[in-house]
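input27.txt, holding compact mmCIF, C-alpha atoms and all ligand atoms:
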```txt
# COMPACT_ATOMS: atom_id res chain seq x y z
CA MET A 1 -27.21 37.33 0.20
CA THR A 2 -29.95 37.39 2.78
CA ASP A 3 -29.71 36.27 6.38
CA ARG A 4 -31.87 33.23 5.83
CA ALA A 5 -30.26 30.14 7.36
CA LEU A 6 -28.17 28.10 4.93
CA ARG A 7 -29.39 24.50 4.71
CA LEU A 8 -26.59 21.92 4.82
CA GLY A 9 -27.56 18.48 3.50
CA THR A 10 -25.91 15.65 5.42
CA ARG A 11 -26.12 11.91 5.91
CA ARG A 12 -27.26 10.91 9.40
CA SER A 13 -24.39 8.63 10.39
CA LYS A 14 -22.38 9.70 13.40
CA LEU A 15 -19.38 10.31 11.09
CA ALA A 16 -21.38 12.41 8.63
CA MET A 17 -22.97 14.44 11.43
CA ALA A 18 -19.55 15.12 12.95
CA GLN A 19 -18.11 16.22 9.61
CA SER A 20 -21.11 18.36 8.76
CA GLY A 21 -21.16 19.94 12.20
CA ARG A 22 -17.57 21.12 11.78
CA VAL A 23 -18.16 22.44 8.28
CA ALA A 24 -21.37 24.16 9.44
CA GLU A 25 -19.42 26.00 12.13
CA ALA A 26 -16.74 27.10 9.61
CA VAL A 27 -19.43 28.27 7.17
CA ARG A 28 -21.14 30.27 9.93
CA GLN A 29 -17.85 32.00 10.56
CA VAL A 30 -17.08 32.90 6.94
CA THR A 31 -20.63 33.90 5.93
CA GLY A 32 -22.00 35.24 9.20
CA ARG A 33 -25.20 33.32 8.42
CA PRO A 34 -26.87 30.62 10.48
CA VAL A 35 -26.50 27.08 9.12
CA LYS A 36 -29.00 24.33 9.77
CA LEU A 37 -28.41 20.63 9.16
CA VAL A 38 -30.92 18.76 6.99
CA GLU A 39 -30.60 14.98 7.40
CA ILE A 40 -30.90 12.82 4.28
CA THR A 41 -30.75 9.02 3.99
CA THR A 42 -28.70 7.62 1.10
CA TYR A 43 -28.82 4.19 -0.52
CA GLY A 44 -25.43 3.39 1.01
CA ASP A 45 -26.93 3.91 4.48
CA THR A 46 -29.85 1.53 4.07
CA SER A 47 -28.46 -1.21 1.80
CA ARG A 48 -27.01 -4.20 3.62
CA GLU A 49 -25.12 -5.38 0.56
CA GLN A 50 -21.34 -5.37 0.38
CA LEU A 51 -20.15 -2.08 -1.09
CA ALA A 52 -18.00 -3.89 -3.64
CA GLN A 53 -21.19 -5.54 -4.89
CA ILE A 54 -23.48 -2.53 -5.09
CA GLY A 55 -20.71 -0.86 -7.06
CA GLY A 56 -19.74 1.74 -4.54
CA THR A 57 -19.65 4.68 -6.89
CA GLY A 58 -21.91 7.36 -5.56
CA VAL A 59 -24.04 5.23 -3.21
CA PHE A 60 -23.46 7.67 -0.35
CA VAL A 61 -23.84 10.84 -2.41
CA VAL A 62 -26.70 10.41 -4.89
CA ALA A 63 -29.49 11.32 -2.47
CA LEU A 64 -27.58 14.36 -1.20
CA ARG A 65 -27.00 15.51 -4.77
CA GLU A 66 -30.68 15.06 -5.61
CA ALA A 67 -31.60 17.26 -2.65
CA LEU A 68 -29.14 19.90 -3.90
CA LEU A 69 -30.51 19.78 -7.43
CA ARG A 70 -34.11 20.05 -6.18
CA GLY A 71 -33.10 23.06 -4.09
CA ASP A 72 -34.07 21.32 -0.84
CA VAL A 73 -30.64 22.15 0.58
CA ASP A 74 -28.08 24.86 -0.27
CA PHE A 75 -24.91 22.82 0.09
CA ALA A 76 -23.77 19.36 1.06
CA VAL A 77 -20.76 17.81 2.78
CA HIS A 78 -19.37 14.46 1.64
CA SER A 79 -16.31 12.38 2.46
CA LEU A 80 -14.28 13.14 -0.65
CA LYS A 81 -13.36 9.50 -1.12
CA ASP A 82 -17.05 8.66 -1.59
CA LEU A 83 -17.52 11.23 -4.37
CA PRO A 84 -17.51 9.94 -7.98
CA THR A 85 -14.58 11.29 -10.00
CA THR A 86 -16.73 12.55 -12.89
CA PRO A 87 -17.70 16.16 -12.21
CA HIS A 88 -21.46 16.77 -12.05
CA PRO A 89 -22.43 19.37 -14.70
CA ASP A 90 -24.86 21.23 -12.40
CA LEU A 91 -22.84 21.09 -9.17
CA THR A 92 -19.66 22.84 -8.02
CA LEU A 93 -17.03 21.39 -5.72
CA ALA A 94 -16.89 24.69 -3.84
CA ALA A 95 -14.31 23.69 -1.22
CA VAL A 96 -11.93 20.93 -0.23
CA PRO A 97 -10.90 21.89 3.32
CA LEU A 98 -7.53 21.00 4.83
CA ARG A 99 -7.15 17.24 4.84
CA GLU A 100 -6.51 15.41 8.08
CA ASP A 101 -4.51 12.21 8.57
CA PRO A 102 -5.03 10.19 5.35
CA ARG A 103 -3.78 6.88 6.79
CA ASP A 104 -5.58 3.65 7.44
CA VAL A 105 -5.35 2.28 10.95
CA LEU A 106 -5.78 -1.00 12.76
CA VAL A 107 -8.04 -1.50 15.75
CA ALA A 108 -7.03 -4.88 17.15
CA ARG A 109 -7.74 -6.88 20.29
CA ASP A 110 -5.22 -6.68 23.12
CA GLY A 111 -3.47 -3.66 21.63
CA LEU A 112 -1.90 -5.72 18.84
CA THR A 113 -0.08 -4.01 15.99
CA PHE A 114 -0.39 -5.39 12.47
CA ALA A 115 3.04 -7.09 12.67
CA GLN A 116 2.01 -8.75 15.96
CA LEU A 117 -1.11 -10.42 14.58
CA PRO A 118 -0.92 -14.18 15.19
CA LYS A 119 -1.11 -16.83 12.48
CA GLY A 120 -4.64 -17.08 11.10
CA ALA A 121 -5.76 -13.74 12.54
CA ARG A 122 -9.12 -12.59 11.17
CA VAL A 123 -8.92 -9.02 9.90
CA GLY A 124 -12.15 -7.28 8.89
CA THR A 125 -12.50 -4.82 6.04
CA GLY A 126 -15.04 -4.37 3.27
CA SER A 127 -12.55 -2.58 1.05
CA PRO A 128 -10.90 -4.50 -1.82
CA ARG A 129 -8.09 -1.90 -1.69
CA ARG A 130 -7.33 -2.68 1.95
CA MET A 131 -7.64 -6.44 1.42
CA SER A 132 -5.30 -6.32 -1.53
CA GLN A 133 -2.55 -4.44 0.23
CA LEU A 134 -2.90 -6.22 3.60
CA ASN A 135 -2.72 -9.59 1.87
CA ALA A 136 0.26 -8.49 -0.24
CA TYR A 137 2.11 -7.31 2.86
CA ALA A 138 1.31 -10.52 4.73
CA ARG A 139 2.51 -12.65 1.80
CA SER A 140 5.83 -10.84 1.54
CA HIS A 141 6.42 -10.93 5.32
CA GLY A 142 5.61 -14.57 5.96
CA MET A 143 2.44 -13.67 7.87
CA HIS A 144 -0.81 -15.59 7.63
CA ILE A 145 -3.95 -13.52 7.98
CA GLU A 146 -7.49 -13.98 6.79
CA THR A 147 -9.24 -10.86 5.47
CA VAL A 148 -12.95 -10.99 6.26
CA PRO A 149 -15.45 -8.82 4.34
CA ILE A 150 -17.46 -6.59 6.68
CA ARG A 151 -19.38 -3.37 6.37
CA GLY A 152 -21.48 -1.04 8.42
CA ASN A 153 -20.76 2.20 10.21
CA ILE A 154 -17.61 2.73 12.25
CA ASP A 155 -19.19 1.67 15.56
CA THR A 156 -20.43 -1.57 13.96
CA ARG A 157 -17.03 -2.36 12.48
CA VAL A 158 -15.08 -1.67 15.68
CA GLY A 159 -17.73 -3.70 17.50
CA TYR A 160 -16.57 -6.88 15.74
CA VAL A 161 -13.27 -6.60 17.63
CA HIS A 162 -14.88 -5.87 20.99
CA ASN A 163 -17.34 -8.77 20.67
CA GLY A 164 -14.53 -11.16 19.74
CA GLU A 165 -15.75 -12.01 16.23
CA LEU A 166 -12.61 -10.59 14.65
CA ASP A 167 -9.03 -10.06 15.79
CA ALA A 168 -8.80 -6.68 14.09
CA VAL A 169 -10.47 -4.27 11.72
CA VAL A 170 -8.92 -1.69 9.39
CA LEU A 171 -10.50 1.75 9.05
CA ALA A 172 -9.63 5.31 8.10
CA ALA A 173 -7.88 7.34 10.82
CA ALA A 174 -9.88 10.41 9.80
CA GLY A 175 -13.23 8.74 10.42
CA LEU A 176 -12.26 7.49 13.88
CA ASN A 177 -10.81 10.85 14.75
CA ARG A 178 -13.95 12.72 13.72
CA ILE A 179 -16.19 10.57 15.91
CA GLY A 180 -13.80 10.79 18.86
CA ARG A 181 -12.56 7.17 18.82
CA ILE A 182 -8.97 7.69 17.60
CA GLY A 183 -7.75 6.52 21.03
CA GLU A 184 -8.77 2.96 20.16
CA VAL A 185 -6.26 2.68 17.32
CA THR A 186 -3.63 0.01 18.00
CA ASP A 187 -1.50 0.67 14.89
CA PHE A 188 -1.25 3.49 12.36
CA LEU A 189 -0.45 1.73 9.09
CA ALA A 190 2.43 3.27 7.16
CA VAL A 191 1.33 4.48 3.75
CA ASP A 192 4.08 2.29 2.26
CA THR A 193 2.17 -0.69 3.67
CA VAL A 194 -1.37 0.42 2.87
CA LEU A 195 -1.75 3.36 0.52
CA PRO A 196 -5.01 5.18 1.36
CA ALA A 197 -7.96 5.63 -0.97
CA PRO A 198 -7.79 8.64 -3.28
CA GLY A 199 -9.07 11.63 -1.28
CA GLN A 200 -9.14 9.76 2.03
CA GLY A 201 -9.21 12.10 5.02
CA ALA A 202 -10.54 15.03 2.98
CA LEU A 203 -14.05 16.48 2.78
CA ALA A 204 -15.95 17.82 -0.21
CA VAL A 205 -18.28 20.83 0.09
CA GLU A 206 -20.63 20.90 -2.87
CA CYS A 207 -23.29 23.38 -4.00
CA SER A 208 -25.35 24.16 -7.07
CA ALA A 209 -23.30 25.53 -9.99
CA SER A 210 -25.99 28.19 -10.44
CA ASN A 211 -25.30 29.67 -7.00
CA ALA A 212 -22.02 31.48 -7.72
CA ASP A 213 -22.25 33.72 -4.63
CA LEU A 214 -22.57 30.76 -2.31
CA ALA A 215 -19.81 28.85 -4.14
CA ALA A 216 -17.49 31.83 -3.68
CA ALA A 217 -18.35 32.11 0.03
CA LEU A 218 -17.82 28.37 0.62
CA GLY A 219 -14.55 28.67 -1.33
CA GLU A 220 -13.11 30.39 1.75
CA LEU A 221 -12.91 26.93 3.32
CA ASP A 222 -10.75 25.55 0.51
CA ASP A 223 -7.17 24.45 1.20
CA SER A 224 -5.21 24.86 -2.02
CA PHE A 225 -2.65 22.12 -1.38
CA THR A 226 -5.28 19.59 -0.34
CA ARG A 227 -7.19 20.54 -3.49
CA VAL A 228 -4.26 19.86 -5.88
CA ALA A 229 -3.27 16.67 -4.05
CA VAL A 230 -6.74 15.13 -4.16
CA THR A 231 -7.23 16.32 -7.74
CA ALA A 232 -4.12 14.36 -8.78
CA GLU A 233 -5.20 11.29 -6.76
CA ARG A 234 -8.71 11.32 -8.24
CA SER A 235 -7.35 11.89 -11.74
CA LEU A 236 -5.32 8.69 -11.35
CA LEU A 237 -8.45 6.83 -10.23
CA ALA A 238 -10.48 8.21 -13.14
CA ALA A 239 -7.77 7.41 -15.70
CA LEU A 240 -7.62 3.84 -14.41
CA GLU A 241 -11.38 3.82 -15.04
CA ALA A 242 -11.94 2.62 -11.51
CA GLY A 243 -14.57 3.60 -8.95
CA CYS A 244 -14.37 4.27 -5.23
CA SER A 245 -14.79 0.56 -4.40
CA ALA A 246 -11.91 -0.52 -6.69
CA PRO A 247 -8.66 -1.85 -5.20
CA VAL A 248 -6.88 1.44 -5.96
CA GLY A 249 -4.78 3.45 -3.52
CA ALA A 250 -3.34 6.89 -4.27
CA LEU A 251 -1.61 9.58 -2.24
CA ALA A 252 0.01 12.86 -3.23
CA ASP A 253 2.45 14.55 -0.90
CA LEU A 254 5.14 17.21 -1.00
CA LEU A 255 8.85 16.53 -1.24
CA ALA A 256 10.91 19.21 0.41
CA ASP A 257 14.37 20.39 -0.52
CA GLY A 258 15.47 21.96 2.75
CA GLN A 259 12.62 24.17 3.98
CA ILE A 260 10.96 24.60 0.63
CA ALA A 261 8.52 22.05 -0.73
CA ASN A 262 9.19 22.17 -4.43
CA GLU A 263 7.93 18.87 -5.76
CA MET A 264 4.82 16.79 -5.45
CA ARG A 265 5.00 13.02 -5.43
CA LEU A 266 2.02 10.95 -6.45
CA ARG A 267 1.99 7.30 -5.42
CA GLY A 268 -0.45 4.75 -6.76
CA VAL A 269 -1.23 1.09 -6.23
CA VAL A 270 -3.61 -1.45 -7.76
CA GLY A 271 -3.80 -5.11 -6.83
CA THR A 272 -5.78 -8.30 -6.78
CA THR A 273 -7.73 -8.71 -3.56
CA ASP A 274 -5.67 -11.76 -2.56
CA GLY A 275 -2.54 -9.63 -2.77
CA SER A 276 -0.79 -12.03 -5.15
CA GLU A 277 -0.21 -9.26 -7.70
CA LEU A 278 0.34 -5.54 -7.14
CA VAL A 279 1.27 -2.71 -9.46
CA GLN A 280 2.80 0.04 -7.33
CA LEU A 281 4.39 3.12 -8.87
CA SER A 282 5.08 6.74 -8.12
CA THR A 283 5.83 9.84 -10.11
CA THR A 284 7.23 13.20 -9.08
CA GLY A 285 6.81 16.62 -10.65
CA PRO A 286 6.69 20.32 -9.87
CA VAL A 287 3.89 21.18 -7.40
CA PRO A 288 0.90 21.72 -9.72
CA GLU A 289 -0.22 25.33 -9.94
CA THR A 290 -3.42 24.68 -11.85
CA GLU A 291 -6.11 22.06 -11.79
CA ASP A 292 -5.04 20.95 -15.28
CA GLN A 293 -1.49 20.29 -14.08
CA ALA A 294 -2.78 18.22 -11.17
CA LEU A 295 -5.03 16.25 -13.51
CA ALA A 296 -2.09 15.66 -15.86
CA LEU A 297 0.06 14.22 -13.07
CA GLY A 298 -2.66 11.66 -12.24
CA ARG A 299 -3.11 10.69 -15.89
CA GLU A 300 0.64 10.33 -16.33
CA LEU A 301 0.91 7.87 -13.44
CA ALA A 302 -2.16 5.97 -14.66
CA THR A 303 -0.56 5.53 -18.09
CA GLU A 304 2.54 4.04 -16.47
CA MET A 305 0.47 1.76 -14.22
CA LEU A 306 -1.68 0.57 -17.14
CA ALA A 307 1.51 -0.22 -19.09
CA LYS A 308 2.46 -2.51 -16.20
CA GLY A 309 -0.84 -4.38 -16.36
CA ALA A 310 -2.95 -2.46 -13.82
CA ALA A 311 -6.19 -2.95 -15.79
CA GLY A 312 -5.97 -6.73 -15.56
CA LEU A 313 -5.74 -6.62 -11.77
CA MET A 314 -8.77 -4.41 -11.29
CA GLY A 315 -11.13 -6.68 -13.13
CA GLU A 316 -11.03 -9.02 -10.19
CA ARG A 317 -13.79 -7.92 -7.84
CA ALA A 318 -14.34 -11.12 -5.92
CA LEU A 319 -14.16 -10.78 -2.16
N1 LIG B 1 -16.39 4.41 2.86
C1 LIG B 1 -16.93 5.00 4.06
C2 LIG B 1 -16.07 6.10 4.54
N2 LIG B 1 -16.00 7.24 3.86
C3 LIG B 1 -15.10 8.06 4.48
C4 LIG B 1 -14.62 7.39 5.59
C5 LIG B 1 -13.61 7.87 6.55
C6 LIG B 1 -13.26 9.30 6.52
C7 LIG B 1 -12.45 9.75 5.34
O1 LIG B 1 -11.73 8.97 4.69
O2 LIG B 1 -12.50 10.97 5.06
C8 LIG B 1 -15.23 6.15 5.66
C9 LIG B 1 -15.02 5.12 6.69
C10 LIG B 1 -13.73 4.32 6.57
O3 LIG B 1 -13.18 4.17 5.47
O4 LIG B 1 -13.28 3.77 7.59
```

Could I get this file's structure written as structure tokens?
Amino acid sequence: MTDRALRLGTRRSKLAMAQSGRVAEAVRQVTGRPVKLVEITTYGDTSREQLAQIGGTGVFVVALREALLRGDVDFAVHSLKDLPTTPHPDLTLAAVPLREDPRDVLVARDGLTFAQLPKGARVGTGSPRRMSQLNAYARSHGMHIETVPIRGNIDTRVGYVHNGELDAVVLAAAGLNRIGRIGEVTDFLAVDTVLPAPGQGALAVECSASNADLAAALGELDDSFTRVAVTAERSLLAALEAGCSAPVGALADLLADGQIANEMRLRGVVGTTDGSELVQLSTTGPVPETEDQALALGRELATEMLAKGAAGLMGERAL
């Protein structure tokens, strides 16, 4: 490899720039080469439509991938949860760095927690997955909330609480943390209440499959447990034939016997957006040692969820 600067393709949002800046620094350290950020606008950044309507799948990544394939940039950083589950034949997922907090959080007026929201509280989220699980929780706890579809970048969404339009919004902890606004969280939602999106809190570092040297160098940033966990979560999503805007939650974690983590648990949920029906299951197996084993765990849970009627619940896309 030469000493030419590596070009990192990134979206321009504050979140994307924060994520890319951190990865750029890590890549500088492992390669010893300068890294320069190349800003690219994606359809998801310019469209004002609801994500559930434009389909979600890939809207934030297509333009970055095109730049990679044209050779305009050497590698790209995505939020893993925005990446389609089908592998791209000409691109390599070179690294999945250590995941940070995967949870969803509430930012509410007056420091309110979710359980403290008053009757009729207006809770903003553009995610059918969040709506589904928030509404299901409210129904089973005698709460009355109204989920309100919103979108926009993190500052826009939190702004709806500060300007009084909404009582609360639900976002990913990881996103708020990366842009330095984690201090505004008023409640960290337990994953038993709202299971995160598959891959939430993790990043994806992608490069051209033809650049094996670069893929190997970027591979230094990979965290092997994060990699197997998100592989299982995304395999579940793929086997349910759902996209990143579907009402599907998934989370893999380790179960420890004493000091030694010897099993991985994969939890999954699918529901109608009104929360009237949920299919929520988990499966446990040995910690996968290969990608194939991680994929198998996701498929196994999907089969069980489909047997309980998961497919029928996902058809409903109305907001
Ligand atoms: N869909 C947009 C998006 N993609 C990744 C994140 C957050 C960071 C992450 O999950 O890694 C967000 C914002 C959000 O869901 O609040």

For ligand LIG 1 (chain B), list the contacting residues at 9 Å or closer, counting all atoms listed in the file, as a PyMOL selection string.
-> chain A and resi 15-16+19+51+56+60+78-82+99-105+125-127+152-154+157+170-178+196-203+244-245

Which residue out of A:Ser235, A:Gln293, A:Ser132, A:Thr303 has the minimum interatomic distance to Val270 (chain A) when all atoms listed in the file are used?
->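 Closest to Val270 (chain A) of all the choices is A:Ser132.
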
Just the residues within 7 Å of region 249-265 of chain A, please, counting only C-alpha atoms, with nothing from its chain fewer than 2 positions along; format it as a ChimeraX atom specification.
-> /A:129,195-198,229,233,247,267-270,282-287

Keeping only C-alpha atoms, take the residues you just selected and write them out as a CSV table (one decimal), in the coordinates of the input.
```
chain,number,residue,atom,x,y,z
A,129,ARG,CA,-8.1,-1.9,-1.7
A,195,LEU,CA,-1.8,3.4,0.5
A,196,PRO,CA,-5.0,5.2,1.4
A,197,ALA,CA,-8.0,5.6,-1.0
A,198,PRO,CA,-7.8,8.6,-3.3
A,229,ALA,CA,-3.3,16.7,-4.0
A,233,GLU,CA,-5.2,11.3,-6.8
A,247,PRO,CA,-8.7,-1.8,-5.2
A,267,ARG,CA,2.0,7.3,-5.4
A,268,GLY,CA,-0.4,4.8,-6.8
A,269,VAL,CA,-1.2,1.1,-6.2
A,270,VAL,CA,-3.6,-1.4,-7.8
A,282,SER,CA,5.1,6.7,-8.1
A,283,THR,CA,5.8,9.8,-10.1
A,284,THR,CA,7.2,13.2,-9.1
A,285,GLY,CA,6.8,16.6,-10.6
A,286,PRO,CA,6.7,20.3,-9.9
A,287,VAL,CA,3.9,21.2,-7.4
```

Counting only C-alpha atoms, figure out which residue out of A:Met143, A:Leu98, A:Ala217, A:Val194 gets nearest to Phe75 (chain A).
->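 Selected residue with least distance to Phe75 (chain A): A:Ala217.
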
Within 6 Å of region 298-302 of chain A, counting all atoms listed in the file, which residues qualify if same-chain residues fewer than 3 places away don't, as a PDB file with C-alpha atoms, in the frame of the given file?
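around.pdb written:
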```
ATOM      1  CA  ALA A 232      -4.120  14.360  -8.780  1.00  0.00           C
ATOM      2  CA  SER A 235      -7.350  11.890 -11.740  1.00  0.00           C
ATOM      3  CA  LEU A 236      -5.320   8.690 -11.350  1.00  0.00           C
ATOM      4  CA  ALA A 239      -7.770   7.410 -15.700  1.00  0.00           C
ATOM      5  CA  LEU A 240      -7.620   3.840 -14.410  1.00  0.00           C
ATOM      6  CA  LEU A 295      -5.030  16.250 -13.510  1.00  0.00           C
ATOM      7  CA  MET A 305       0.470   1.760 -14.220  1.00  0.00           C
ATOM      8  CA  LEU A 306      -1.680   0.570 -17.140  1.00  0.00           C
TER       9      LEU A 306
END
```

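Ranking A:Gly159, A:Gly271, A:Gly124, A:Pro288 by their shortest atom-to-atom distance to Glu184 (chain A), with only C-alpha atoms included, puts A:Gly159 first.
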
d(CA of Gly164 (chain A), CA of Ala246 (chain A)) in Å = 28.6 Å

Taking into account all atoms listed in the file, which residue in the set A:Ala310, A:Thr147, A:Phe114, A:Thr85 is nearest to Ala238 (chain A)?
->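 Between A:Ala310, A:Thr147, A:Phe114, A:Thr85, the residue approaching Ala238 (chain A) most closely is A:Thr85.
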
Among listed residues A:Ser276, A:Thr290, A:Leu112, A:Ala296, nearest Arg139 (chain A) (using all atoms listed in the file) =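 For Arg139 (chain A), the nearest of the candidates is A:Ser276.
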
Atomic distance CA of Thr86 (chain A) - CA of Gly58 (chain A), expressed in Å with one decimal |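 Interatomic distance, CA of Thr86 (chain A) to CA of Gly58 (chain A): 10.4 Å.
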
Dump of region 174-196 of chain A from preceding block, N, CA and C atoms, as a compact mmCIF listing (two decimals), in the first residue's frame:
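As a result, out.txt now contains:
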```txt
# COMPACT_ATOMS: atom_id res chain seq x y z
N ALA A 174 -27.27 5.02 21.08
CA ALA A 174 -25.98 5.14 20.40
C ALA A 174 -25.88 6.43 19.59
N GLY A 175 -26.96 6.77 18.91
CA GLY A 175 -26.95 7.98 18.08
C GLY A 175 -26.79 9.23 18.94
N LEU A 176 -27.56 9.30 20.03
CA LEU A 176 -27.46 10.46 20.92
C LEU A 176 -26.07 10.56 21.54
N ASN A 177 -25.55 9.39 21.91
CA ASN A 177 -24.22 9.38 22.52
C ASN A 177 -23.18 9.90 21.54
N ARG A 178 -23.27 9.45 20.29
CA ARG A 178 -22.24 9.84 19.32
C ARG A 178 -22.26 11.32 19.01
N ILE A 179 -23.43 11.96 19.11
CA ILE A 179 -23.45 13.40 18.84
C ILE A 179 -23.37 14.22 20.13
N GLY A 180 -23.10 13.55 21.24
CA GLY A 180 -22.86 14.27 22.49
C GLY A 180 -24.12 14.76 23.19
N ARG A 181 -25.29 14.11 22.93
CA ARG A 181 -26.52 14.55 23.57
C ARG A 181 -27.12 13.48 24.49
N ILE A 182 -26.30 12.52 24.93
CA ILE A 182 -26.83 11.43 25.75
C ILE A 182 -27.38 11.96 27.08
N GLY A 183 -26.86 13.13 27.52
CA GLY A 183 -27.29 13.72 28.78
C GLY A 183 -28.76 14.14 28.78
N GLU A 184 -29.38 14.21 27.60
CA GLU A 184 -30.78 14.62 27.55
C GLU A 184 -31.77 13.47 27.69
N VAL A 185 -31.23 12.25 27.78
CA VAL A 185 -32.09 11.08 27.93
C VAL A 185 -32.82 11.15 29.27
N THR A 186 -34.13 10.88 29.27
CA THR A 186 -34.86 10.86 30.53
C THR A 186 -35.21 9.44 30.96
N ASP A 187 -35.03 8.46 30.07
CA ASP A 187 -35.29 7.06 30.43
C ASP A 187 -34.60 6.14 29.42
N PHE A 188 -33.81 5.21 29.93
CA PHE A 188 -33.23 4.17 29.08
C PHE A 188 -34.23 3.02 29.08
N LEU A 189 -34.78 2.69 27.92
CA LEU A 189 -35.83 1.67 27.87
C LEU A 189 -35.21 0.27 27.95
N ALA A 190 -35.72 -0.52 28.89
CA ALA A 190 -35.22 -1.89 29.04
C ALA A 190 -35.47 -2.65 27.74
N VAL A 191 -34.54 -3.51 27.38
CA VAL A 191 -34.73 -4.25 26.11
C VAL A 191 -35.91 -5.21 26.20
N ASP A 192 -36.36 -5.53 27.41
CA ASP A 192 -37.58 -6.34 27.54
C ASP A 192 -38.80 -5.52 27.17
N THR A 193 -38.70 -4.21 27.26
CA THR A 193 -39.82 -3.34 26.90
C THR A 193 -39.78 -3.02 25.41
N VAL A 194 -38.62 -2.56 24.95
CA VAL A 194 -38.46 -2.26 23.53
C VAL A 194 -37.16 -2.93 23.06
N LEU A 195 -37.32 -4.00 22.31
CA LEU A 195 -36.14 -4.70 21.77
C LEU A 195 -35.62 -3.86 20.60
N PRO A 196 -34.30 -3.58 20.61
CA PRO A 196 -33.74 -2.70 19.56
C PRO A 196 -33.82 -3.30 18.17
```
